[in-house]
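Asker: Just one file: final-v8.txt, with compact mmCIF, C-alpha atoms (C1' of nucleotides).
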# COMPACT_ATOMS: atom_id res chain seq x y z
CA MET A 7 43.62 -39.59 13.42
CA GLY A 8 47.36 -39.15 13.53
CA CYS A 9 47.36 -41.43 10.55
CA LYS A 10 45.11 -39.13 8.54
CA ILE A 11 47.37 -36.22 9.26
CA GLU A 12 50.30 -38.33 8.09
CA GLU A 13 48.51 -39.18 4.85
CA PHE A 14 47.69 -35.53 4.35
CA LYS A 15 51.33 -34.58 4.81
CA GLN A 16 52.42 -37.24 2.34
CA GLU A 17 49.93 -35.97 -0.23
CA GLN A 18 51.21 -32.42 0.28
CA LYS A 19 54.77 -33.59 -0.25
CA ARG A 20 53.79 -35.33 -3.47
CA ARG A 21 52.13 -32.17 -4.70
CA VAL A 22 55.05 -29.93 -3.76
CA ARG A 23 57.35 -32.35 -5.56
CA ALA A 24 55.17 -32.19 -8.67
CA VAL A 25 55.36 -28.40 -8.72
CA GLN A 26 59.10 -28.58 -8.25
CA ASP A 27 59.27 -30.90 -11.24
CA SER A 28 57.49 -28.30 -13.34
CA MET A 29 59.72 -25.55 -12.03
CA ASP A 30 62.84 -27.58 -12.73
CA VAL A 31 61.76 -27.99 -16.32
CA LEU A 32 60.98 -24.31 -16.78
CA ASN A 33 63.87 -22.96 -14.77
CA GLY A 34 66.95 -21.45 -16.21
CA LYS A 35 66.77 -17.87 -17.32
CA TRP A 36 66.14 -18.74 -20.94
CA LYS A 37 64.02 -21.88 -21.24
CA ILE A 38 60.73 -20.11 -21.68
CA ALA A 39 62.12 -17.72 -24.23
CA ILE A 40 63.60 -20.66 -26.12
CA VAL A 41 60.38 -22.64 -26.09
CA THR A 42 58.47 -19.55 -27.17
CA SER A 43 60.87 -18.97 -30.02
CA ILE A 44 60.61 -22.54 -31.30
CA CYS A 45 56.88 -22.60 -30.76
CA CYS A 46 56.33 -19.39 -32.75
CA TYR A 47 58.00 -20.71 -35.85
CA GLY A 48 57.29 -24.40 -35.52
CA LYS A 49 60.83 -25.30 -36.47
CA ARG A 50 63.86 -23.27 -35.62
CA ARG A 51 67.61 -23.57 -36.06
CA PHE A 52 70.28 -23.04 -33.44
CA ALA A 53 71.51 -19.73 -34.84
CA ASP A 54 67.95 -18.47 -35.29
CA ILE A 55 67.03 -19.06 -31.67
CA LEU A 56 70.27 -17.39 -30.68
CA ASN A 57 69.17 -14.37 -32.70
CA ASP A 58 65.60 -14.32 -31.38
CA ILE A 59 66.78 -13.84 -27.84
CA GLU A 60 68.92 -10.86 -27.00
CA VAL A 61 72.10 -10.97 -25.01
CA PHE A 62 72.75 -14.58 -24.43
CA SER A 63 75.45 -17.00 -25.31
CA ASN A 64 75.58 -20.16 -27.38
CA ARG A 65 76.91 -21.88 -24.29
CA MET A 66 73.63 -21.30 -22.49
CA LEU A 67 71.49 -22.09 -25.52
CA SER A 68 73.31 -25.37 -25.95
CA LYS A 69 72.89 -26.26 -22.32
CA GLU A 70 69.23 -25.34 -22.08
CA LEU A 71 68.33 -27.09 -25.33
CA LYS A 72 70.03 -30.22 -24.06
CA GLU A 73 67.95 -30.14 -20.90
CA LEU A 74 64.77 -29.60 -22.88
CA GLU A 75 65.71 -32.56 -25.06
CA ILE A 76 66.38 -34.78 -22.05
CA ASN A 77 62.91 -33.90 -20.80
CA HIS A 78 61.45 -34.92 -24.16
CA LEU A 79 60.09 -31.45 -24.75
CA VAL A 80 62.17 -30.63 -27.78
CA LYS A 81 63.17 -32.78 -30.74
CA ARG A 82 66.56 -32.24 -32.32
CA THR A 83 67.12 -33.00 -35.99
CA VAL A 84 70.44 -32.76 -37.80
CA LEU A 85 69.97 -31.58 -41.37
CA ASP A 86 72.19 -33.11 -44.00
CA THR A 87 73.69 -29.88 -45.25
CA GLN A 88 77.18 -28.47 -45.55
CA PRO A 89 77.92 -27.09 -43.06
CA ILE A 90 75.60 -29.06 -40.81
CA MET A 91 72.45 -27.34 -39.58
CA VAL A 92 70.31 -28.42 -36.69
CA GLN A 93 66.59 -27.96 -36.38
CA TYR A 94 64.63 -27.88 -33.16
CA GLU A 95 60.92 -28.38 -32.73
CA LEU A 96 58.53 -29.09 -29.87
CA THR A 97 57.45 -32.65 -29.26
CA GLN A 98 53.81 -33.48 -28.64
CA HIS A 99 54.56 -33.39 -24.97
CA GLY A 100 56.47 -30.13 -25.43
CA ASN A 101 53.34 -28.59 -26.87
CA THR A 102 51.52 -29.13 -23.60
CA LEU A 103 53.90 -26.52 -22.23
CA GLN A 104 51.90 -23.91 -24.12
CA THR A 105 49.04 -24.18 -21.67
CA ILE A 106 51.25 -23.85 -18.63
CA ILE A 107 53.18 -20.98 -20.18
CA SER A 108 49.93 -19.29 -21.03
CA ASN A 109 48.80 -19.67 -17.41
CA LEU A 110 52.06 -18.22 -16.17
CA THR A 111 51.76 -15.34 -18.62
CA ASP A 112 48.29 -14.47 -17.42
CA TRP A 113 49.30 -14.65 -13.78
CA GLY A 114 52.39 -12.55 -14.46
CA ILE A 115 50.28 -9.83 -16.05
CA ALA A 116 47.77 -9.93 -13.20
CA HIS A 117 50.61 -9.84 -10.70
CA ARG A 118 52.12 -6.75 -12.25
CA LYS A 119 48.75 -5.03 -12.06
CA ALA A 120 48.25 -6.09 -8.46
CA ILE A 121 51.64 -4.75 -7.43
CA PHE A 122 51.51 -1.39 -9.18
CA ASN A 123 47.83 -0.48 -9.01
CA GLN A 124 47.08 -1.06 -5.39
CA MET B 8 54.74 -5.90 -43.32
CA GLY B 9 58.04 -5.53 -41.56
CA CYS B 10 56.10 -3.43 -39.12
CA LYS B 11 53.68 -6.23 -38.30
CA ILE B 12 56.57 -8.56 -37.62
CA GLU B 13 58.04 -5.93 -35.33
CA GLU B 14 54.74 -5.62 -33.44
CA PHE B 15 54.56 -9.38 -33.17
CA LYS B 16 58.05 -9.51 -31.75
CA GLN B 17 57.22 -6.81 -29.22
CA GLU B 18 54.13 -8.70 -28.11
CA GLN B 19 56.18 -11.86 -27.74
CA LYS B 20 58.70 -9.99 -25.62
CA ARG B 21 55.95 -8.69 -23.36
CA ARG B 22 54.61 -12.20 -22.90
CA VAL B 23 58.01 -13.70 -22.18
CA ARG B 24 58.57 -10.94 -19.64
CA ALA B 25 55.23 -11.72 -17.97
CA VAL B 26 56.19 -15.37 -17.61
CA GLN B 27 59.53 -14.37 -16.20
CA ASP B 28 57.72 -12.22 -13.65
CA SER B 29 55.78 -15.26 -12.53
CA MET B 30 58.89 -17.38 -12.43
CA ASP B 31 60.75 -14.76 -10.40
CA VAL B 32 58.00 -14.80 -7.83
CA LEU B 33 57.90 -18.58 -7.60
CA ASN B 34 61.62 -19.16 -7.88
CA GLY B 35 63.86 -20.03 -5.04
CA LYS B 36 63.95 -23.62 -3.97
CA TRP B 37 61.46 -23.12 -1.17
CA LYS B 38 58.84 -20.54 -2.12
CA ILE B 39 56.21 -23.01 -3.25
CA ALA B 40 56.66 -25.19 -0.20
CA ILE B 41 56.35 -22.10 2.00
CA VAL B 42 53.21 -20.88 0.28
CA THR B 43 51.75 -24.37 0.46
CA SER B 44 52.51 -24.59 4.16
CA ILE B 45 50.87 -21.25 4.93
CA CYS B 46 47.98 -21.96 2.61
CA CYS B 47 47.23 -25.33 4.25
CA TYR B 48 46.83 -23.88 7.69
CA GLY B 49 45.57 -20.40 6.86
CA LYS B 50 47.92 -18.84 9.38
CA ARG B 51 51.32 -20.13 10.23
CA ARG B 52 54.20 -19.03 12.45
CA PHE B 53 57.86 -18.82 11.51
CA ALA B 54 58.93 -21.88 13.50
CA ASP B 55 55.98 -23.89 12.21
CA ILE B 56 56.85 -23.29 8.59
CA LEU B 57 60.43 -24.17 9.40
CA ASN B 58 59.16 -27.47 10.77
CA ASP B 59 56.82 -28.19 7.87
CA ILE B 60 59.65 -28.19 5.39
CA GLU B 61 62.52 -30.60 5.88
CA VAL B 62 66.15 -29.67 5.73
CA PHE B 63 66.21 -25.97 5.35
CA SER B 64 67.53 -23.09 7.35
CA ASN B 65 65.94 -20.13 9.06
CA ARG B 66 68.23 -17.95 6.98
CA MET B 67 66.51 -19.11 3.81
CA LEU B 68 63.03 -19.00 5.31
CA SER B 69 63.61 -15.44 6.41
CA LYS B 70 64.85 -14.42 3.00
CA GLU B 71 62.09 -16.09 1.03
CA LEU B 72 59.35 -14.80 3.31
CA LYS B 73 60.72 -11.30 2.88
CA GLU B 74 60.54 -11.62 -0.89
CA LEU B 75 57.00 -12.96 -0.73
CA GLU B 76 56.07 -10.03 1.46
CA ILE B 77 57.63 -7.53 -0.93
CA ASN B 78 55.52 -9.06 -3.68
CA HIS B 79 52.40 -8.58 -1.55
CA LEU B 80 51.72 -12.29 -1.50
CA VAL B 81 52.17 -12.82 2.20
CA LYS B 82 51.09 -10.70 5.15
CA ARG B 83 53.28 -10.59 8.23
CA THR B 84 51.78 -9.94 11.66
CA VAL B 85 53.74 -9.58 14.87
CA LEU B 86 51.80 -11.01 17.80
CA ASP B 87 52.05 -9.20 21.10
CA THR B 88 53.34 -12.16 23.10
CA GLN B 89 56.41 -12.81 25.19
CA PRO B 90 58.57 -13.84 23.48
CA ILE B 91 57.34 -12.27 20.28
CA MET B 92 55.64 -14.51 17.74
CA VAL B 93 55.08 -13.76 14.09
CA GLN B 94 52.22 -14.98 12.00
CA TYR B 95 52.19 -15.30 8.25
CA GLU B 96 49.15 -15.58 6.01
CA LEU B 97 48.41 -15.24 2.32
CA THR B 98 47.03 -11.95 1.07
CA GLN B 99 44.10 -11.88 -1.30
CA HIS B 100 46.54 -11.60 -4.14
CA GLY B 101 48.62 -14.38 -2.62
CA ASN B 102 45.62 -16.65 -2.79
CA THR B 103 45.54 -16.32 -6.56
CA LEU B 104 48.78 -18.29 -6.45
CA GLN B 105 46.72 -21.37 -5.62
CA THR B 106 45.43 -21.60 -9.17
CA ILE B 107 48.84 -21.25 -10.73
CA ILE B 108 50.35 -23.71 -8.28
CA SER B 109 47.55 -26.12 -9.02
CA ASN B 110 48.27 -25.79 -12.74
CA LEU B 111 51.94 -26.41 -12.14
CA THR B 112 51.13 -29.43 -9.99
CA ASP B 113 48.95 -30.96 -12.67
CA TRP B 114 51.52 -30.37 -15.36
CA GLY B 115 54.27 -31.78 -13.15
CA ILE B 116 52.30 -34.99 -12.63
CA ALA B 117 51.53 -35.27 -16.35
CA HIS B 118 55.17 -34.58 -17.15
CA ARG B 119 56.37 -37.37 -14.88
CA LYS B 120 53.97 -39.75 -16.58
CA ALA B 121 55.05 -38.62 -20.04
CA ILE B 122 58.71 -39.16 -19.21
CA PHE B 123 58.45 -42.55 -17.56
CA ASN B 124 55.55 -44.21 -19.39
CA GLN B 125 56.47 -43.60 -22.96
C1' DC C 24 76.99 -23.66 -38.43
C1' DT C 25 76.70 -26.08 -34.11
C1' DG C 26 78.45 -26.80 -30.43
C1' DA C 27 82.36 -28.10 -26.54
C1' DA C 28 86.13 -26.40 -23.47
C1' DT C 29 88.20 -23.14 -20.49
C1' DC C 30 88.48 -19.30 -17.47
C1' DC C 31 86.62 -16.55 -14.08
C1' DA C 32 83.49 -13.22 -11.40
C1' DG C 33 79.49 -13.03 -8.95
C1' DA C 34 75.34 -15.16 -6.97
C1' DT C 35 73.40 -18.87 -4.07
C1' DG C 36 72.77 -21.27 -0.15
C1' DG C 37 74.19 -24.23 3.98
C1' DA C 38 76.22 -24.21 8.83
C1' DT C 39 76.95 -21.90 12.74
C1' DA C 40 76.82 -18.44 16.13
C1' DC C 41 74.64 -14.43 17.91
C1' DT C 42 70.84 -10.67 19.28
C1' DG C 43 66.45 -8.53 21.00
C1' DC D 6 60.77 -17.08 19.16
C1' DA D 7 62.17 -14.70 15.09
C1' DG D 8 65.35 -13.34 12.89
C1' DT D 9 70.58 -11.34 11.59
C1' DA D 10 75.60 -11.82 10.63
C1' DT D 11 79.49 -14.19 9.07
C1' DC D 12 82.10 -17.62 6.81
C1' DC D 13 82.71 -20.49 3.06
C1' DA D 14 81.88 -24.13 -0.64
C1' DT D 15 79.41 -24.73 -4.59
C1' DC D 16 76.79 -23.32 -8.57
C1' DT D 17 75.73 -20.15 -12.42
C1' DG D 18 76.45 -17.99 -16.31
C1' DG D 19 79.10 -14.63 -19.38
C1' DA D 20 83.22 -14.07 -22.58
C1' DT D 21 86.24 -16.09 -25.34
C1' DT D 22 88.47 -19.56 -27.89
C1' DC D 23 88.59 -23.85 -30.34
C1' DA D 24 86.82 -28.05 -33.20
C1' DG D 25 84.14 -31.02 -36.49
Hey, can you dump this file as structure tokens for me?
Answerer:
Amino acid sequence: MGCKIEEFKQEQKRRVRAVQDSMDVLNGKWKIAIVTSICCYGKRRFADILNDIEVFSNRMLSKELKELEINHLVKRTVLDTQPIMVQYELTQHGNTLQTIISNLTDWGIAHRKAIFNQ
Amino acid sequence: MGCKIEEFKQEQKRRVRAVQDSMDVLNGKWKIAIVTSICCYGKRRFADILNDIEVFSNRMLSKELKELEINHLVKRTVLDTQPIMVQYELTQHGNTLQTIISNLTDWGIAHRKAIFNQ
DNA sequence: CTGAATCCAGATGGATACTG
DNA sequence: CAGTATCCATCTGGATTCAG
């Protein structure tokens, strides 16, 4: 019996860890906006993304893009132009983010309603 | 035409904001673990939650619970015992978190696979 | 154009001690 | 038991400047 409870706790831990993984990927003030920007246009350059999102710095964009790349969600391509341009697009795996973002959007809308209408 | 693009951009902004709302609610290292703990048992006391989650302080638990309460996700009940005990449970709205957490769990598991198996 | 480097203020969160 | 208060180290992220 105690063993079952232990198994249950382990399973819970695994699940909490999985959610944390998702949150880690999506965290950072700007990640979702960045993904949305890239996703809208299919391919998007550094300066374009910077323009799509108001009030944020290239330092942050650089950092967040790097994290997205490490997580294999975004593919980075250097274009052979002068000066150099860099193009970002979602990987196949990155595209699966759309579902989760859509879920979060729906919940966010419902949440706002629940808070202000009750 | 320019107008349609403007509308599109506005809609995008609304959607990004909705996701951010969700993220705000779920953010903080411990919120998901707390919700999971309460959700597992239906009702849960302060000290119990503190015990369910390893390595974190009552200061944080207090803070996160307060935020969850402000967002109407958790209901706080003071029990008339000596010494006082406090019980936390999910509200009806709080229960809708289960779906979103489940989605995030699934994506987290898939993400881990995608990163390590490719 | 695409970043990296530096500086710096403010937020975050752990440890500890204390209160009703 | 259920928090609150304080101290303090670390992290975060904006502004600005510089480089390939």
Asker: What's the separation between atom CA of Leu57 of chain B and atom CA of Ile107 of chain B, in Å to one decimal place?
Answerer: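 So the answer is 23.4 Å.
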Asker: Report as CSV the residues of chain C within 9 Å of chain A, each with its shortest atom pair and distance in Å (one decimal), using only C-alpha atoms (C1' of nucleotides), ordered by chain and increasing residue number.
Answerer:
residue,atom,partner,partner_atom,distance
C:DC24,C1',A:Pro89,CA,5.8
C:DT25,C1',A:Met91,CA,7.0
C:DG26,C1',A:Ser68,CA,7.0
C:DA27,C1',A:Arg65,CA,8.6
Asker: Would you work out the distance separating atom CA of Ala25 of chain B from atom CA of Lys120 of chain B, expressed in Å to one decimal?
Answerer: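 Interatomic distance, atom CA of Ala25 of chain B to atom CA of Lys120 of chain B: 28.1 Å.
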Asker: Quick check: residues of chain A within 9 Å of chain D, only C-alpha atoms (C1' of nucleotides), returned as a list in words.
Answerer: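 My answer is Phe62, Ser63, Arg65 and Met66 of chain A.
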Asker: Compile the contact shell of Ile45 of chain B as a ChimeraX atom specification: residues with an atom at most 9 Å away, counting only C-alpha atoms (C1' of nucleotides), same-chain residues fewer than 2 positions apart removed.
Answerer: /B:40-43,47-52,56,81,95-97
Asker: Looking at B:Lys38, B:Phe123, B:Leu104, B:Gly115, which one is nearest to chain A, with distances taken over all atoms listed in the file?
Answerer: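 With all atoms listed in the file as the atom set, the closest residue is B:Gly115.
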Asker: Which chain A residues are at most 6 Å from chain B (counting only C-alpha atoms), as JSON, numbers by chain?
Answerer: {"A": [24, 25, 27, 28, 110, 111, 114, 115]}
Asker: Listed atoms of segment 10-24 of chain D, axis-aligned box, 8 Å per side: centre and edge lengths to one decimal in Å, as JSON?
Answerer:
{"center_x": 82.1, "center_y": -19.9, "center_z": -11.3, "size_x": 29.0, "size_y": 32.2, "size_z": 59.8}
Asker: As an exercise, work out the distance from atom C1' of DG33 of chain C to atom CA of Leu72 of chain B in Å and give it to one decimal place.
Answerer: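 Separating atom C1' of DG33 of chain C from atom CA of Leu72 of chain B is a distance of 23.6 Å.
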